[in-house]
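Everything on this sheet refers to the single structure shown next.
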Amino acid sequence: MIRAIYPGSFDPVTLGHLDIIERAAKTVDELIVGVLNNGGKTPMFSIDERVSMLEEVTEEIPNIKVLSFSGLLVDFAKQTGATTVVRGLRAISDFEYELQMAQTNRKMYPLLDTMFLATSLEYSYLSSTTVKEVAFFDGDIREFVPESVISKVQDRVRAAKQKGRT
Ligand code: ADP
């Protein structure tokens, strides 16, 4: 029985993430999408909003659970009984950081192994940051995020611009 975690910020979830989720869910028995709630930069969507967007876009996939977590991934893995981490690789630029993270995690928790899925070519350029930038300048994000996420991003951008004007 392989229980895996696909961790990330998902701010917001993109079609690239969804592609990794769908493919990973076919390879493991149970996939936990772990939404990271770490302070850092201010996200566009709250942790609860990100969790519910992910639940909505994965509702047809039976072996998926969406959970939020904070702190170390290894602690979340221990809590949930997961022994595999899934990460997506888009380009060489992702590689160095991902390799370092995978090795650090394995050092801290030797039972935890990381599985990398190469991005599908059509999403190799895509990131949550790009989506937000394009939306901010009123670009079309329909090819970047799931249908139900489009208006949520647009509303958030509109609200931010209005706030900027007042
Ligand atoms: P993080 O802040 O941890 O990088 P993200 O939400 O940006 O979180 O990404 C989560 C995971 O999804 C990472 O493994 C990242 O490499 C992968 N990922 C992001 N965008 C894509 C994409 N377009 N195609 C494939 N994998 C992706």
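Residues in the structure tokens are named by chain (A, B, ... in the order shown) and by number from 1 within that chain; ligands are numbered from 1 in the order shown.
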Can you list, as an mmCIF file with N, CA, C and O atoms, in the first residue's frame, all residues belonging to chain A that DSSP tags as strand (DSSP E)?
```cif
data_model
loop_
_atom_site.group_PDB
_atom_site.id
_atom_site.type_symbol
_atom_site.label_atom_id
_atom_site.label_comp_id
_atom_site.auth_asym_id
_atom_site.auth_seq_id
_atom_site.Cartn_x
_atom_site.Cartn_y
_atom_site.Cartn_z
ATOM 1 N N ARG A 3 1.181 5.151 0.188
ATOM 2 C CA ARG A 3 0.506 6.418 0.451
ATOM 3 C C ARG A 3 1.524 7.524 0.181
ATOM 4 O O ARG A 3 2.612 7.528 0.759
ATOM 5 N N ALA A 4 1.173 8.441 -0.716
ATOM 6 C CA ALA A 4 2.121 9.487 -1.111
ATOM 7 C C ALA A 4 1.571 10.872 -0.812
ATOM 8 O O ALA A 4 0.353 11.065 -0.741
ATOM 9 N N ILE A 5 2.494 11.810 -0.652
ATOM 10 C CA ILE A 5 2.098 13.211 -0.467
ATOM 11 C C ILE A 5 2.605 14.016 -1.656
ATOM 12 O O ILE A 5 3.773 13.893 -2.036
ATOM 13 N N TYR A 6 1.739 14.821 -2.221
ATOM 14 C CA TYR A 6 2.175 15.795 -3.221
ATOM 15 C C TYR A 6 2.078 17.166 -2.554
ATOM 16 O O TYR A 6 1.002 17.719 -2.412
ATOM 17 N N PRO A 7 3.229 17.695 -2.106
ATOM 18 C CA PRO A 7 3.181 18.953 -1.364
ATOM 19 C C PRO A 7 3.402 20.163 -2.271
ATOM 20 O O PRO A 7 4.069 20.061 -3.301
ATOM 21 N N GLY A 8 2.853 21.282 -1.868
ATOM 22 C CA GLY A 8 3.084 22.505 -2.630
ATOM 23 C C GLY A 8 2.302 23.654 -2.047
ATOM 24 O O GLY A 8 1.554 23.482 -1.073
ATOM 25 N N GLU A 30 -2.848 5.802 -2.510
ATOM 26 C CA GLU A 30 -3.541 6.952 -1.937
ATOM 27 C C GLU A 30 -2.659 8.185 -2.084
ATOM 28 O O GLU A 30 -1.481 8.139 -1.738
ATOM 29 N N LEU A 31 -3.225 9.259 -2.584
ATOM 30 C CA LEU A 31 -2.445 10.492 -2.766
ATOM 31 C C LEU A 31 -3.010 11.592 -1.878
ATOM 32 O O LEU A 31 -4.191 11.942 -1.969
ATOM 33 N N ILE A 32 -2.135 12.113 -1.018
ATOM 34 C CA ILE A 32 -2.535 13.251 -0.184
ATOM 35 C C ILE A 32 -1.948 14.497 -0.822
ATOM 36 O O ILE A 32 -0.729 14.601 -0.988
ATOM 37 N N VAL A 33 -2.802 15.428 -1.219
ATOM 38 C CA VAL A 33 -2.293 16.705 -1.703
ATOM 39 C C VAL A 33 -2.100 17.569 -0.455
ATOM 40 O O VAL A 33 -3.057 17.860 0.260
ATOM 41 N N GLY A 34 -0.850 17.906 -0.177
ATOM 42 C CA GLY A 34 -0.520 18.637 1.052
ATOM 43 C C GLY A 34 -0.326 20.110 0.743
ATOM 44 O O GLY A 34 0.610 20.489 0.039
ATOM 45 N N VAL A 35 -1.225 20.929 1.261
ATOM 46 C CA VAL A 35 -1.153 22.359 0.963
ATOM 47 C C VAL A 35 -0.364 23.045 2.077
ATOM 48 O O VAL A 35 -0.772 23.028 3.240
ATOM 49 N N LEU A 36 0.732 23.644 1.685
ATOM 50 C CA LEU A 36 1.681 24.183 2.649
ATOM 51 C C LEU A 36 1.242 25.532 3.197
ATOM 52 O O LEU A 36 0.950 26.462 2.440
ATOM 53 N N ILE A 64 -7.891 10.426 -3.574
ATOM 54 C CA ILE A 64 -7.203 11.672 -3.218
ATOM 55 C C ILE A 64 -7.796 12.298 -1.974
ATOM 56 O O ILE A 64 -9.012 12.299 -1.772
ATOM 57 N N LYS A 65 -6.900 12.830 -1.151
ATOM 58 C CA LYS A 65 -7.324 13.587 0.018
ATOM 59 C C LYS A 65 -6.560 14.903 -0.022
ATOM 60 O O LYS A 65 -5.368 14.900 -0.332
ATOM 61 N N VAL A 66 -7.215 16.006 0.288
ATOM 62 C CA VAL A 66 -6.510 17.286 0.323
ATOM 63 C C VAL A 66 -6.420 17.730 1.779
ATOM 64 O O VAL A 66 -7.430 17.828 2.464
ATOM 65 N N LEU A 67 -5.205 17.972 2.249
ATOM 66 C CA LEU A 67 -4.998 18.385 3.642
ATOM 67 C C LEU A 67 -4.020 19.553 3.684
ATOM 68 O O LEU A 67 -3.140 19.640 2.822
ATOM 69 N N SER A 68 -4.171 20.425 4.671
ATOM 70 C CA SER A 68 -3.162 21.475 4.817
ATOM 71 C C SER A 68 -2.144 21.030 5.864
ATOM 72 O O SER A 68 -2.442 20.188 6.702
ATOM 73 N N PHE A 69 -0.950 21.584 5.766
ATOM 74 C CA PHE A 69 0.042 21.302 6.799
ATOM 75 C C PHE A 69 0.978 22.487 6.935
ATOM 76 O O PHE A 69 1.088 23.317 6.038
ATOM 77 N N THR A 84 6.076 8.214 0.572
ATOM 78 C CA THR A 84 6.526 8.711 -0.726
ATOM 79 C C THR A 84 6.118 10.171 -0.886
ATOM 80 O O THR A 84 5.016 10.550 -0.490
ATOM 81 N N VAL A 85 7.030 10.951 -1.453
ATOM 82 C CA VAL A 85 6.719 12.340 -1.802
ATOM 83 C C VAL A 85 6.710 12.433 -3.316
ATOM 84 O O VAL A 85 7.572 11.857 -3.980
ATOM 85 N N VAL A 86 5.723 13.110 -3.855
ATOM 86 C CA VAL A 86 5.668 13.314 -5.302
ATOM 87 C C VAL A 86 6.001 14.772 -5.586
ATOM 88 O O VAL A 86 5.464 15.674 -4.936
ATOM 89 N N ARG A 87 6.908 14.993 -6.534
ATOM 90 C CA ARG A 87 7.191 16.364 -6.963
ATOM 91 C C ARG A 87 7.219 16.398 -8.485
ATOM 92 O O ARG A 87 7.556 15.410 -9.140
ATOM 93 N N GLY A 88 6.882 17.539 -9.044
ATOM 94 C CA GLY A 88 6.929 17.690 -10.495
ATOM 95 C C GLY A 88 8.226 18.378 -10.885
ATOM 96 O O GLY A 88 8.687 19.281 -10.181
ATOM 97 N N LEU A 89 8.809 17.962 -11.993
ATOM 98 C CA LEU A 89 10.013 18.635 -12.487
ATOM 99 C C LEU A 89 9.699 19.284 -13.819
ATOM 100 O O LEU A 89 9.285 18.611 -14.766
ATOM 101 N N ASP A 113 10.833 8.490 0.609
ATOM 102 C CA ASP A 113 11.496 8.624 -0.685
ATOM 103 C C ASP A 113 10.719 9.580 -1.578
ATOM 104 O O ASP A 113 9.506 9.706 -1.452
ATOM 105 N N THR A 114 11.439 10.231 -2.497
ATOM 106 C CA THR A 114 10.782 11.203 -3.377
ATOM 107 C C THR A 114 10.711 10.672 -4.796
ATOM 108 O O THR A 114 11.691 10.131 -5.315
ATOM 109 N N MET A 115 9.551 10.828 -5.388
ATOM 110 C CA MET A 115 9.331 10.360 -6.757
ATOM 111 C C MET A 115 9.098 11.602 -7.626
ATOM 112 O O MET A 115 8.267 12.442 -7.280
ATOM 113 N N PHE A 116 9.852 11.724 -8.702
ATOM 114 C CA PHE A 116 9.696 12.896 -9.565
ATOM 115 C C PHE A 116 8.923 12.530 -10.819
ATOM 116 O O PHE A 116 9.223 11.529 -11.467
ATOM 117 N N LEU A 117 7.970 13.363 -11.164
ATOM 118 C CA LEU A 117 7.276 13.179 -12.437
ATOM 119 C C LEU A 117 7.663 14.341 -13.345
ATOM 120 O O LEU A 117 7.611 15.509 -12.930
ATOM 121 N N ALA A 118 8.063 14.007 -14.558
ATOM 122 C CA ALA A 118 8.410 15.059 -15.514
ATOM 123 C C ALA A 118 7.121 15.709 -16.001
ATOM 124 O O ALA A 118 6.144 15.023 -16.301
#
```
Restrict the calculation to only C-alpha atoms and all ligand atoms, then for each residue of chain A with any atom at most 9 Å from an atom of ligand 1 give the closest atom pair and their distance in Å to one decimal, rows by chain and rising residue number, as JSON lines.
```
{"residue": "A:Tyr6", "atom": "CA", "partner": "ligand 1", "partner_atom_place_in_ligand_line": "11 (C)", "distance": 7.1}
{"residue": "A:Pro7", "atom": "CA", "partner": "ligand 1", "partner_atom_place_in_ligand_line": "10 (C)", "distance": 5.9}
{"residue": "A:Gly8", "atom": "CA", "partner": "ligand 1", "partner_atom_place_in_ligand_line": "8 (O)", "distance": 3.5}
{"residue": "A:Ser9", "atom": "CA", "partner": "ligand 1", "partner_atom_place_in_ligand_line": "6 (O)", "distance": 3.8}
{"residue": "A:Phe10", "atom": "CA", "partner": "ligand 1", "partner_atom_place_in_ligand_line": "6 (O)", "distance": 3.8}
{"residue": "A:Asp11", "atom": "CA", "partner": "ligand 1", "partner_atom_place_in_ligand_line": "6 (O)", "distance": 6.3}
{"residue": "A:Pro12", "atom": "CA", "partner": "ligand 1", "partner_atom_place_in_ligand_line": "6 (O)", "distance": 7.5}
{"residue": "A:Val13", "atom": "CA", "partner": "ligand 1", "partner_atom_place_in_ligand_line": "6 (O)", "distance": 6.9}
{"residue": "A:Thr14", "atom": "CA", "partner": "ligand 1", "partner_atom_place_in_ligand_line": "23 (N)", "distance": 7.0}
{"residue": "A:Leu15", "atom": "CA", "partner": "ligand 1", "partner_atom_place_in_ligand_line": "23 (N)", "distance": 6.9}
{"residue": "A:Gly16", "atom": "CA", "partner": "ligand 1", "partner_atom_place_in_ligand_line": "23 (N)", "distance": 3.6}
{"residue": "A:His17", "atom": "CA", "partner": "ligand 1", "partner_atom_place_in_ligand_line": "27 (C)", "distance": 5.1}
{"residue": "A:Leu18", "atom": "CA", "partner": "ligand 1", "partner_atom_place_in_ligand_line": "24 (N)", "distance": 8.4}
{"residue": "A:Asp19", "atom": "CA", "partner": "ligand 1", "partner_atom_place_in_ligand_line": "25 (C)", "distance": 7.1}
{"residue": "A:Ile20", "atom": "CA", "partner": "ligand 1", "partner_atom_place_in_ligand_line": "25 (C)", "distance": 6.0}
{"residue": "A:Ile21", "atom": "CA", "partner": "ligand 1", "partner_atom_place_in_ligand_line": "12 (O)", "distance": 8.9}
{"residue": "A:Val35", "atom": "CA", "partner": "ligand 1", "partner_atom_place_in_ligand_line": "6 (O)", "distance": 8.1}
{"residue": "A:Leu36", "atom": "CA", "partner": "ligand 1", "partner_atom_place_in_ligand_line": "3 (O)", "distance": 7.6}
{"residue": "A:Val86", "atom": "CA", "partner": "ligand 1", "partner_atom_place_in_ligand_line": "14 (O)", "distance": 7.0}
{"residue": "A:Arg87", "atom": "CA", "partner": "ligand 1", "partner_atom_place_in_ligand_line": "14 (O)", "distance": 3.6}
{"residue": "A:Gly88", "atom": "CA", "partner": "ligand 1", "partner_atom_place_in_ligand_line": "26 (N)", "distance": 3.7}
{"residue": "A:Leu89", "atom": "CA", "partner": "ligand 1", "partner_atom_place_in_ligand_line": "16 (O)", "distance": 4.9}
{"residue": "A:Arg90", "atom": "CA", "partner": "ligand 1", "partner_atom_place_in_ligand_line": "25 (C)", "distance": 5.4}
{"residue": "A:Ala91", "atom": "CA", "partner": "ligand 1", "partner_atom_place_in_ligand_line": "16 (O)", "distance": 8.8}
{"residue": "A:Asp94", "atom": "CA", "partner": "ligand 1", "partner_atom_place_in_ligand_line": "16 (O)", "distance": 6.5}
{"residue": "A:Phe95", "atom": "CA", "partner": "ligand 1", "partner_atom_place_in_ligand_line": "16 (O)", "distance": 8.8}
{"residue": "A:Glu98", "atom": "CA", "partner": "ligand 1", "partner_atom_place_in_ligand_line": "14 (O)", "distance": 7.6}
{"residue": "A:Phe116", "atom": "CA", "partner": "ligand 1", "partner_atom_place_in_ligand_line": "14 (O)", "distance": 7.9}
{"residue": "A:Leu117", "atom": "CA", "partner": "ligand 1", "partner_atom_place_in_ligand_line": "25 (C)", "distance": 7.5}
{"residue": "A:Ala118", "atom": "CA", "partner": "ligand 1", "partner_atom_place_in_ligand_line": "25 (C)", "distance": 6.7}
{"residue": "A:Thr119", "atom": "CA", "partner": "ligand 1", "partner_atom_place_in_ligand_line": "25 (C)", "distance": 4.1}
{"residue": "A:Ser120", "atom": "CA", "partner": "ligand 1", "partner_atom_place_in_ligand_line": "24 (N)", "distance": 6.6}
{"residue": "A:Leu121", "atom": "CA", "partner": "ligand 1", "partner_atom_place_in_ligand_line": "24 (N)", "distance": 8.3}
{"residue": "A:Glu122", "atom": "CA", "partner": "ligand 1", "partner_atom_place_in_ligand_line": "23 (N)", "distance": 8.3}
{"residue": "A:Tyr123", "atom": "CA", "partner": "ligand 1", "partner_atom_place_in_ligand_line": "23 (N)", "distance": 4.5}
{"residue": "A:Ser124", "atom": "CA", "partner": "ligand 1", "partner_atom_place_in_ligand_line": "23 (N)", "distance": 5.0}
{"residue": "A:Tyr125", "atom": "CA", "partner": "ligand 1", "partner_atom_place_in_ligand_line": "23 (N)", "distance": 6.1}
{"residue": "A:Leu126", "atom": "CA", "partner": "ligand 1", "partner_atom_place_in_ligand_line": "23 (N)", "distance": 4.1}
{"residue": "A:Ser127", "atom": "CA", "partner": "ligand 1", "partner_atom_place_in_ligand_line": "20 (N)", "distance": 4.7}
{"residue": "A:Ser128", "atom": "CA", "partner": "ligand 1", "partner_atom_place_in_ligand_line": "7 (O)", "distance": 6.0}
{"residue": "A:Thr129", "atom": "CA", "partner": "ligand 1", "partner_atom_place_in_ligand_line": "7 (O)", "distance": 7.9}
{"residue": "A:Phe144", "atom": "CA", "partner": "ligand 1", "partner_atom_place_in_ligand_line": "23 (N)", "distance": 8.7}
```
Discussion item. Which residue is closest to A:Pro62? Choose from A:Val149, A:Ala25, A:Val134, A:Ala159 and count only C-alpha atoms.
Written reply: A:Ala25
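Our summary of the geometry notes that atom CA of A:Glu60 is positioned 28.1 Å from atom CA of A:Asn38.
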Discussion item. Based on the backbone DSSP call, show me all residues of chain A assigned helix (DSSP H, G or I), as a PyMOL selection string.
Written reply: chain A and resi 15-27+47-57+73-80+92-108+121-123+128-136+147-165
Worksheet item: Quick one: of A:Thr42, A:Ser148, A:Val74, A:Met1, who's nearest to A:Glu56, counting only C-alpha atoms?
Response: A:Ser148
